[in-house]
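Peer 1: PDB, C-alpha atoms, file query-v6.pdb:
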ATOM      1  CA  MET C   1       0.000   0.000   0.000
ATOM      2  CA  THR C   2       1.484   3.346  -1.039
ATOM      3  CA  THR C   3       0.707   6.218   1.276
ATOM      4  CA  ARG C   4       0.600   9.918   0.550
ATOM      5  CA  ILE C   5       0.641  12.919   2.837
ATOM      6  CA  ARG C   6      -1.822  15.292   1.218
ATOM      7  CA  LEU C   7      -4.513  17.885   1.822
ATOM      8  CA  ARG C   8      -8.166  17.064   2.466
ATOM      9  CA  ARG C   9     -10.564  19.893   1.647
ATOM     10  CA  MET C  10     -13.080  20.900   4.273
ATOM     11  CA  GLY C  11     -15.233  23.971   4.920
ATOM     12  CA  SER C  12     -18.109  25.601   3.083
ATOM     13  CA  ASN C  13     -18.332  26.988  -0.420
ATOM     14  CA  LYS C  14     -15.680  29.614  -1.074
ATOM     15  CA  ARG C  15     -14.398  29.285   2.502
ATOM     16  CA  PRO C  16     -12.069  26.272   2.338
ATOM     17  CA  PHE C  17      -9.660  25.010   4.901
ATOM     18  CA  PHE C  18      -7.618  21.849   4.661
ATOM     19  CA  ARG C  19      -6.562  19.008   6.891
ATOM     20  CA  VAL C  20      -3.158  17.441   6.317
ATOM     21  CA  VAL C  21      -3.816  13.698   6.238
ATOM     22  CA  VAL C  22      -1.971  10.476   5.529
ATOM     23  CA  ALA C  23      -4.041   8.438   3.079
ATOM     24  CA  ASP C  24      -3.822   5.536   0.719
ATOM     25  CA  GLN C  25      -2.897   6.840  -2.724
ATOM     26  CA  ARG C  26      -5.925   5.132  -4.280
ATOM     27  CA  SER C  27      -8.519   6.767  -2.010
ATOM     28  CA  PRO C  28     -10.295   9.939  -3.209
ATOM     29  CA  ARG C  29      -9.202  13.422  -2.137
ATOM     30  CA  ASP C  30     -11.886  13.872   0.505
ATOM     31  CA  GLY C  31     -12.379  10.178   1.172
ATOM     32  CA  ARG C  32     -10.938   7.679   3.618
ATOM     33  CA  PHE C  33      -7.658   8.496   5.344
ATOM     34  CA  ILE C  34      -5.317   6.792   7.791
ATOM     35  CA  GLU C  35      -4.341   9.644  10.114
ATOM     36  CA  ASN C  36      -4.936  13.370  10.476
ATOM     37  CA  ILE C  37      -1.594  15.071  11.212
ATOM     38  CA  GLY C  38      -2.343  18.778  10.797
ATOM     39  CA  LYS C  39      -4.375  21.633   9.343
ATOM     40  CA  TYR C  40      -3.965  24.488   6.870
ATOM     41  CA  HIS C  41      -6.168  27.593   6.716
ATOM     42  CA  PRO C  42      -5.128  29.602   3.637
ATOM     43  CA  LEU C  43      -7.778  32.349   3.969
ATOM     44  CA  ASP C  44      -6.729  33.503   7.434
ATOM     45  CA  ASP C  45      -4.343  36.441   7.594
ATOM     46  CA  PRO C  46      -1.631  35.234   8.165
ATOM     47  CA  SER C  47      -2.436  31.731   6.965
ATOM     48  CA  VAL C  48      -2.402  29.005   9.624
ATOM     49  CA  ILE C  49      -0.128  26.016   9.074
ATOM     50  CA  GLU C  50      -0.079  23.441  11.880
ATOM     51  CA  ILE C  51       1.479  20.027  11.243
ATOM     52  CA  ASP C  52       2.476  17.555  13.974
ATOM     53  CA  GLN C  53       6.220  17.279  13.376
ATOM     54  CA  ASP C  54       6.721  13.907  15.107
ATOM     55  CA  ARG C  55       3.919  12.175  13.174
ATOM     56  CA  ALA C  56       4.916  13.788   9.868
ATOM     57  CA  LEU C  57       8.542  12.657  10.294
ATOM     58  CA  HIS C  58       7.343   9.171  11.272
ATOM     59  CA  TRP C  59       5.302   8.850   8.072
ATOM     60  CA  LEU C  60       8.101  10.268   5.947
ATOM     61  CA  ARG C  61      10.532   7.753   7.461
ATOM     62  CA  VAL C  62       8.272   4.808   6.637
ATOM     63  CA  GLY C  63       7.941   5.937   3.030
ATOM     64  CA  ALA C  64       4.902   8.174   2.734
ATOM     65  CA  GLN C  65       5.294  10.622  -0.158
ATOM     66  CA  PRO C  66       4.087  14.199   0.377
ATOM     67  CA  SER C  67       2.164  15.984  -2.345
ATOM     68  CA  ASN C  68       3.815  19.070  -3.820
ATOM     69  CA  GLN C  69       1.612  21.422  -1.789
ATOM     70  CA  VAL C  70       2.282  19.562   1.467
ATOM     71  CA  ARG C  71       6.024  19.547   0.694
ATOM     72  CA  ASN C  72       5.852  23.345   0.298
ATOM     73  CA  LEU C  73       4.014  23.675   3.616
ATOM     74  CA  MET C  74       6.589  21.434   5.320
ATOM     75  CA  ASN C  75       9.375  23.592   3.868
ATOM     76  CA  LYS C  76       7.775  26.714   5.353
ATOM     77  CA  ILE C  77       7.596  25.327   8.892
ATOM     78  CA  GLY C  78      10.884  23.376   8.781
ATOM     79  CA  ILE C  79       9.730  19.738   8.855
ATOM     80  CA  TRP C  80      11.114  19.002   5.400
ATOM     81  CA  ASP C  81      14.533  20.363   6.398
ATOM     82  CA  GLU C  82      14.611  17.959   9.376
ATOM     83  CA  PHE C  83      13.801  15.058   7.094
ATOM     84  CA  VAL C  84      16.486  16.092   4.566
ATOM     85  CA  LYS C  85      19.074  16.105   7.395
ATOM     86  CA  GLU C  86      18.239  12.446   8.040
ATOM     87  CA  ARG C  87      18.035  11.479   4.362
ATOM     88  CA  PRO C  88      19.961  13.789   2.024
ATOM     89  CA  SER C  89      18.689  11.882  -1.006
ATOM     90  CA  ALA C  90      15.189  13.288  -0.315
ATOM     91  CA  ALA C  91      16.393  16.754  -1.320
ATOM     92  CA  LEU C  92      17.265  15.453  -4.796
ATOM     93  CA  GLU C  93      13.725  14.262  -5.516
ATOM     94  CA  PRO C  94      11.680  17.242  -6.679
ATOM     95  CA  GLY C  95       8.549  15.133  -6.996
ATOM     96  CA  LYS C  96       6.524  14.645 -10.137
ATOM     97  CA  GLU C  97       7.064  17.868 -11.982
ATOM     98  CA  ARG C  98       5.927  18.097 -15.548
ATOM     99  CA  PRO C  99       8.425  19.298 -18.109
ATOM    100  CA  GLU C 100       7.525  22.622 -19.630
ATOM    101  CA  LYS C 101       6.254  22.336 -23.179
ATOM    102  CA  PRO C 102       6.471  25.234 -25.571
ATOM    103  CA  LYS C 103       3.054  26.760 -26.069
ATOM    104  CA  VAL C 104       2.199  27.074 -29.751
ATOM    105  CA  SER C 105      -1.237  28.040 -30.982
ATOM    106  CA  LYS C 106      -3.156  25.888 -33.445
ATOM    107  CA  LYS C 107      -2.885  28.551 -36.128
ATOM    108  CA  ALA C 108       0.899  28.711 -35.756
ATOM    109  CA  LYS C 109       1.140  24.898 -36.004
ATOM    110  CA  GLN C 110      -1.008  24.866 -39.152
ATOM    111  CA  LYS C 111       1.008  27.689 -40.710
ATOM    112  CA  ALA C 112       4.274  25.857 -40.030
ATOM    113  CA  GLU C 113       2.891  22.611 -41.470
ATOM    114  CA  THR C 114       1.582  24.259 -44.632
ATOM    115  CA  SER C 115       4.794  26.195 -45.222
ATOM    116  CA  ALA C 116       6.814  22.999 -44.778
ATOM    117  CA  ALA C 117       4.491  20.975 -47.034
ATOM    118  CA  GLU C 118       4.226  23.491 -49.892
ATOM    119  CA  PRO C 119       7.262  23.954 -52.136
ATOM    120  CA  GLU C 120       8.522  27.476 -52.566
ATOM    121  CA  THR C 121       6.725  29.161 -55.437
ATOM    122  CA  PRO C 122       8.495  31.783 -57.555
ATOM    123  CA  THR C 123       7.225  35.319 -57.368
ATOM    124  CA  ALA C 124       5.337  36.883 -60.273
ATOM    125  CA  SER C 125       8.186  39.283 -61.088
ATOM    126  CA  GLU C 126      10.735  36.488 -61.425
ATOM    127  CA  PRO C 127       9.524  33.721 -63.757
ATOM    128  CA  GLU C 128      11.533  30.552 -63.363
ATOM    129  CA  THR C 129      13.207  29.429 -66.591
ATOM    130  CA  PRO C 130      15.640  26.569 -66.982
ATOM    131  CA  PRO C 131      19.235  27.659 -67.656
ATOM    132  CA  ALA C 132      20.520  27.396 -71.193
ATOM    133  CA  ALA C 133      22.927  24.594 -72.033
ATOM    134  CA  GLY C 134      26.554  25.440 -71.390
ATOM    135  CA  VAL C 135      25.685  28.690 -69.623
ATOM    136  CA  GLU C 136      26.620  28.920 -65.988
ATOM    137  CA  THR C 137      24.246  30.755 -63.715
ATOM    138  CA  ALA C 138      25.100  32.526 -60.508
ATOM    139  CA  PRO C 139      24.066  30.622 -57.382
ATOM    140  CA  GLU C 140      20.778  31.752 -55.953
ATOM    141  CA  PRO C 141      20.826  33.446 -52.532
ATOM    142  CA  GLU C 142      19.837  31.497 -49.440
ATOM    143  CA  ALA C 143      16.230  31.476 -48.215
ATOM    144  CA  SER C 144      14.976  34.797 -46.922
ATOM    145  CA  ALA C 145      15.414  35.685 -43.274
ATOM    146  CA  GLU C 146      11.632  35.769 -42.804
ATOM    147  CA  VAL C 147      11.419  31.962 -42.947
ATOM    148  CA  GLU C 148      12.416  30.146 -39.794
ATOM    149  CA  PRO C 149      15.697  28.200 -40.127
ATOM    150  CA  ALA C 150      14.075  24.884 -39.168
ATOM    151  CA  VAL C 151      11.573  25.300 -42.014
ATOM    152  CA  ALA C 152      13.984  26.896 -44.507
ATOM    153  CA  GLU C 153      16.617  24.115 -44.523
ATOM    154  CA  PRO C 154      14.399  21.366 -46.021
ATOM    155  CA  ALA C 155      12.952  23.808 -48.552
ATOM    156  CA  VAL C 156      16.428  24.927 -49.677
ATOM    157  CA  ALA C 157      17.560  21.297 -49.937
ATOM    158  CA  GLU C 158      14.496  20.396 -52.040
ATOM    159  CA  ALA C 159      15.089  23.401 -54.327
ATOM    160  CA  ALA C 160      18.746  22.409 -54.808
ATOM    161  CA  VAL C 161      17.729  18.846 -55.736
ATOM    162  CA  ALA C 162      15.149  20.166 -58.217
ATOM    163  CA  GLU C 163      17.744  22.455 -59.848
ATOM    164  CA  ALA C 164      20.240  19.592 -60.113
ATOM    165  CA  ASP C 165      17.605  17.362 -61.757
ATOM    166  CA  ALA C 166      16.722  20.114 -64.255
ATOM    167  CA  ALA C 167      20.402  20.657 -65.144
ATOM    168  CA  GLU C 168      20.919  16.908 -65.702
ATOM    169  CA  ALA C 169      17.851  16.756 -67.959
ATOM    170  CA  ILE C 170      19.124  19.650 -70.075
ATOM    171  CA  GLU C 171      22.587  18.059 -70.386
ATOM    172  CA  ALA C 172      21.000  14.759 -71.409
ATOM    173  CA  VAL C 173      19.000  16.497 -74.151
ATOM    174  CA  ASP C 174      22.131  18.308 -75.458
ATOM    175  CA  GLU C 175      24.230  15.125 -75.549
ATOM    176  CA  SER C 176      21.633  12.968 -77.350
ATOM    177  CA  PRO C 177      22.026  12.731 -81.171
ATOM    178  CA  PRO C 178      19.296  14.201 -83.319
ATOM    179  CA  ASP C 179      16.470  11.868 -84.258
ATOM    180  CA  GLU C 180      17.011  10.149 -87.584
ATOM    181  CA  SER C 181      14.215   8.550 -89.483
ATOM    182  CA  PRO C 182      15.053   5.196 -91.120
ATOM    183  CA  ALA C 183      13.088   6.006 -94.289
ATOM    184  CA  ASP C 184      15.450   8.832 -95.284
ATOM    185  CA  GLU C 185      18.659   6.887 -95.224
ATOM    186  CA  THR C 186      19.482   3.354 -96.113
ATOM    187  CA  PRO C 187      21.833   1.400 -93.972
ATOM    188  CA  PRO C 188      25.380   1.097 -95.441
ATOM    189  CA  ASP C 189      25.267  -2.733 -95.472
ATOM    190  CA  GLU C 190      22.300  -2.906 -97.759
ATOM    191  CA  THR C 191      22.321  -1.805-101.357
ATOM    192  CA  PRO C 192      19.197  -1.236-103.361
ATOM    193  CA  GLU C 193      18.342  -4.203-105.583
ATOM    194  CA  GLY C 194      18.322  -2.849-109.048
ATOM    195  CA  SER C 195      21.643  -1.130-109.242
TER
END
Could you write out this structure as structure tokens?
Peer 2:
Amino acid sequence: MTTRIRLRRMGSNKRPFFRVVVADQRSPRDGRFIENIGKYHPLDDPSVIEIDQDRALHWLRVGAQPSNQVRNLMNKIGIWDEFVKERPSAALEPGKERPEKPKVSKKAKQKAETSAAEPETPTASEPETPPAAGVETAPEPEASAEVEPAVAEPAVAEAAVAEADAAEAIEAVDESPPDESPADETPPDETPEGS
């Protein structure tokens, strides 16, 4: 049975106070508990924090895990510091903290996906024409600074591959011999029959 030291909500609507209880982890927040070891009144000025130090240390020693809020309360009144003196490894465990995720709106995600999925289209003022055979063209400048680097790199790589494919196709057309029709010429091995 895993035990937790946590808060149990009591009081009326909009006037809460909490009891610090030791409970089975599977029981509901305001449900069954093993032992009541303190109280917390957040609305009082100053807020009241009373936790029985001997019982709290006992439960910590036998393996009860405090919730994050109870750990903060124990830090404020010094119980957690006493426990860390006994077990220094407890200071290394920050509890179950969620890693921070970058917050990106749905529109920003969709915009990034569409810009990554769509190939770069040429502007109306600059029509894209294939380079002439044997003529070297100046390298095109890198992607504009407006595009994010993570999105620009795949687009630049795709554009470079497309340019290389177009150059190879033009070279292949230049190197191929002109089409010859067999009706115009006779092969040199054959001579016409009547000569």
Peer 1: Would you list the contacts of Asp52 (chain C) as a PyMOL selection string, taking every protein, DNA or RNA residue within 10 Å and counting only C-alpha atoms, but skipping same-chain residues closer than 4 positions in sequence?
Peer 2: chain C and resi 20+36-39+56-57+79
Peer 1: Just say which residues the PyMOL selection byres ((chain C and resi 51) around 12) picks in this file, as a ChimeraX atom specification.
Peer 2: /C:5-7,18-22,35-41,48-50,52-57,70-71,73-80
Peer 1: Could you tell me how far CA of Glu82 (chain C) lies from CA of Ile34 (chain C), in Å and to one decimal?
Peer 2: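 About the pair CA of Glu82 (chain C) and CA of Ile34 (chain C): they are 22.9 Å apart.
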Peer 1: Please indicate the distance in Å from CA of Phe83 (chain C) to CA of Arg26 (chain C), rounded to one decimal place.
Peer 2: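 We find that CA of Phe83 (chain C) and CA of Arg26 (chain C) lie 24.8 Å from each other.
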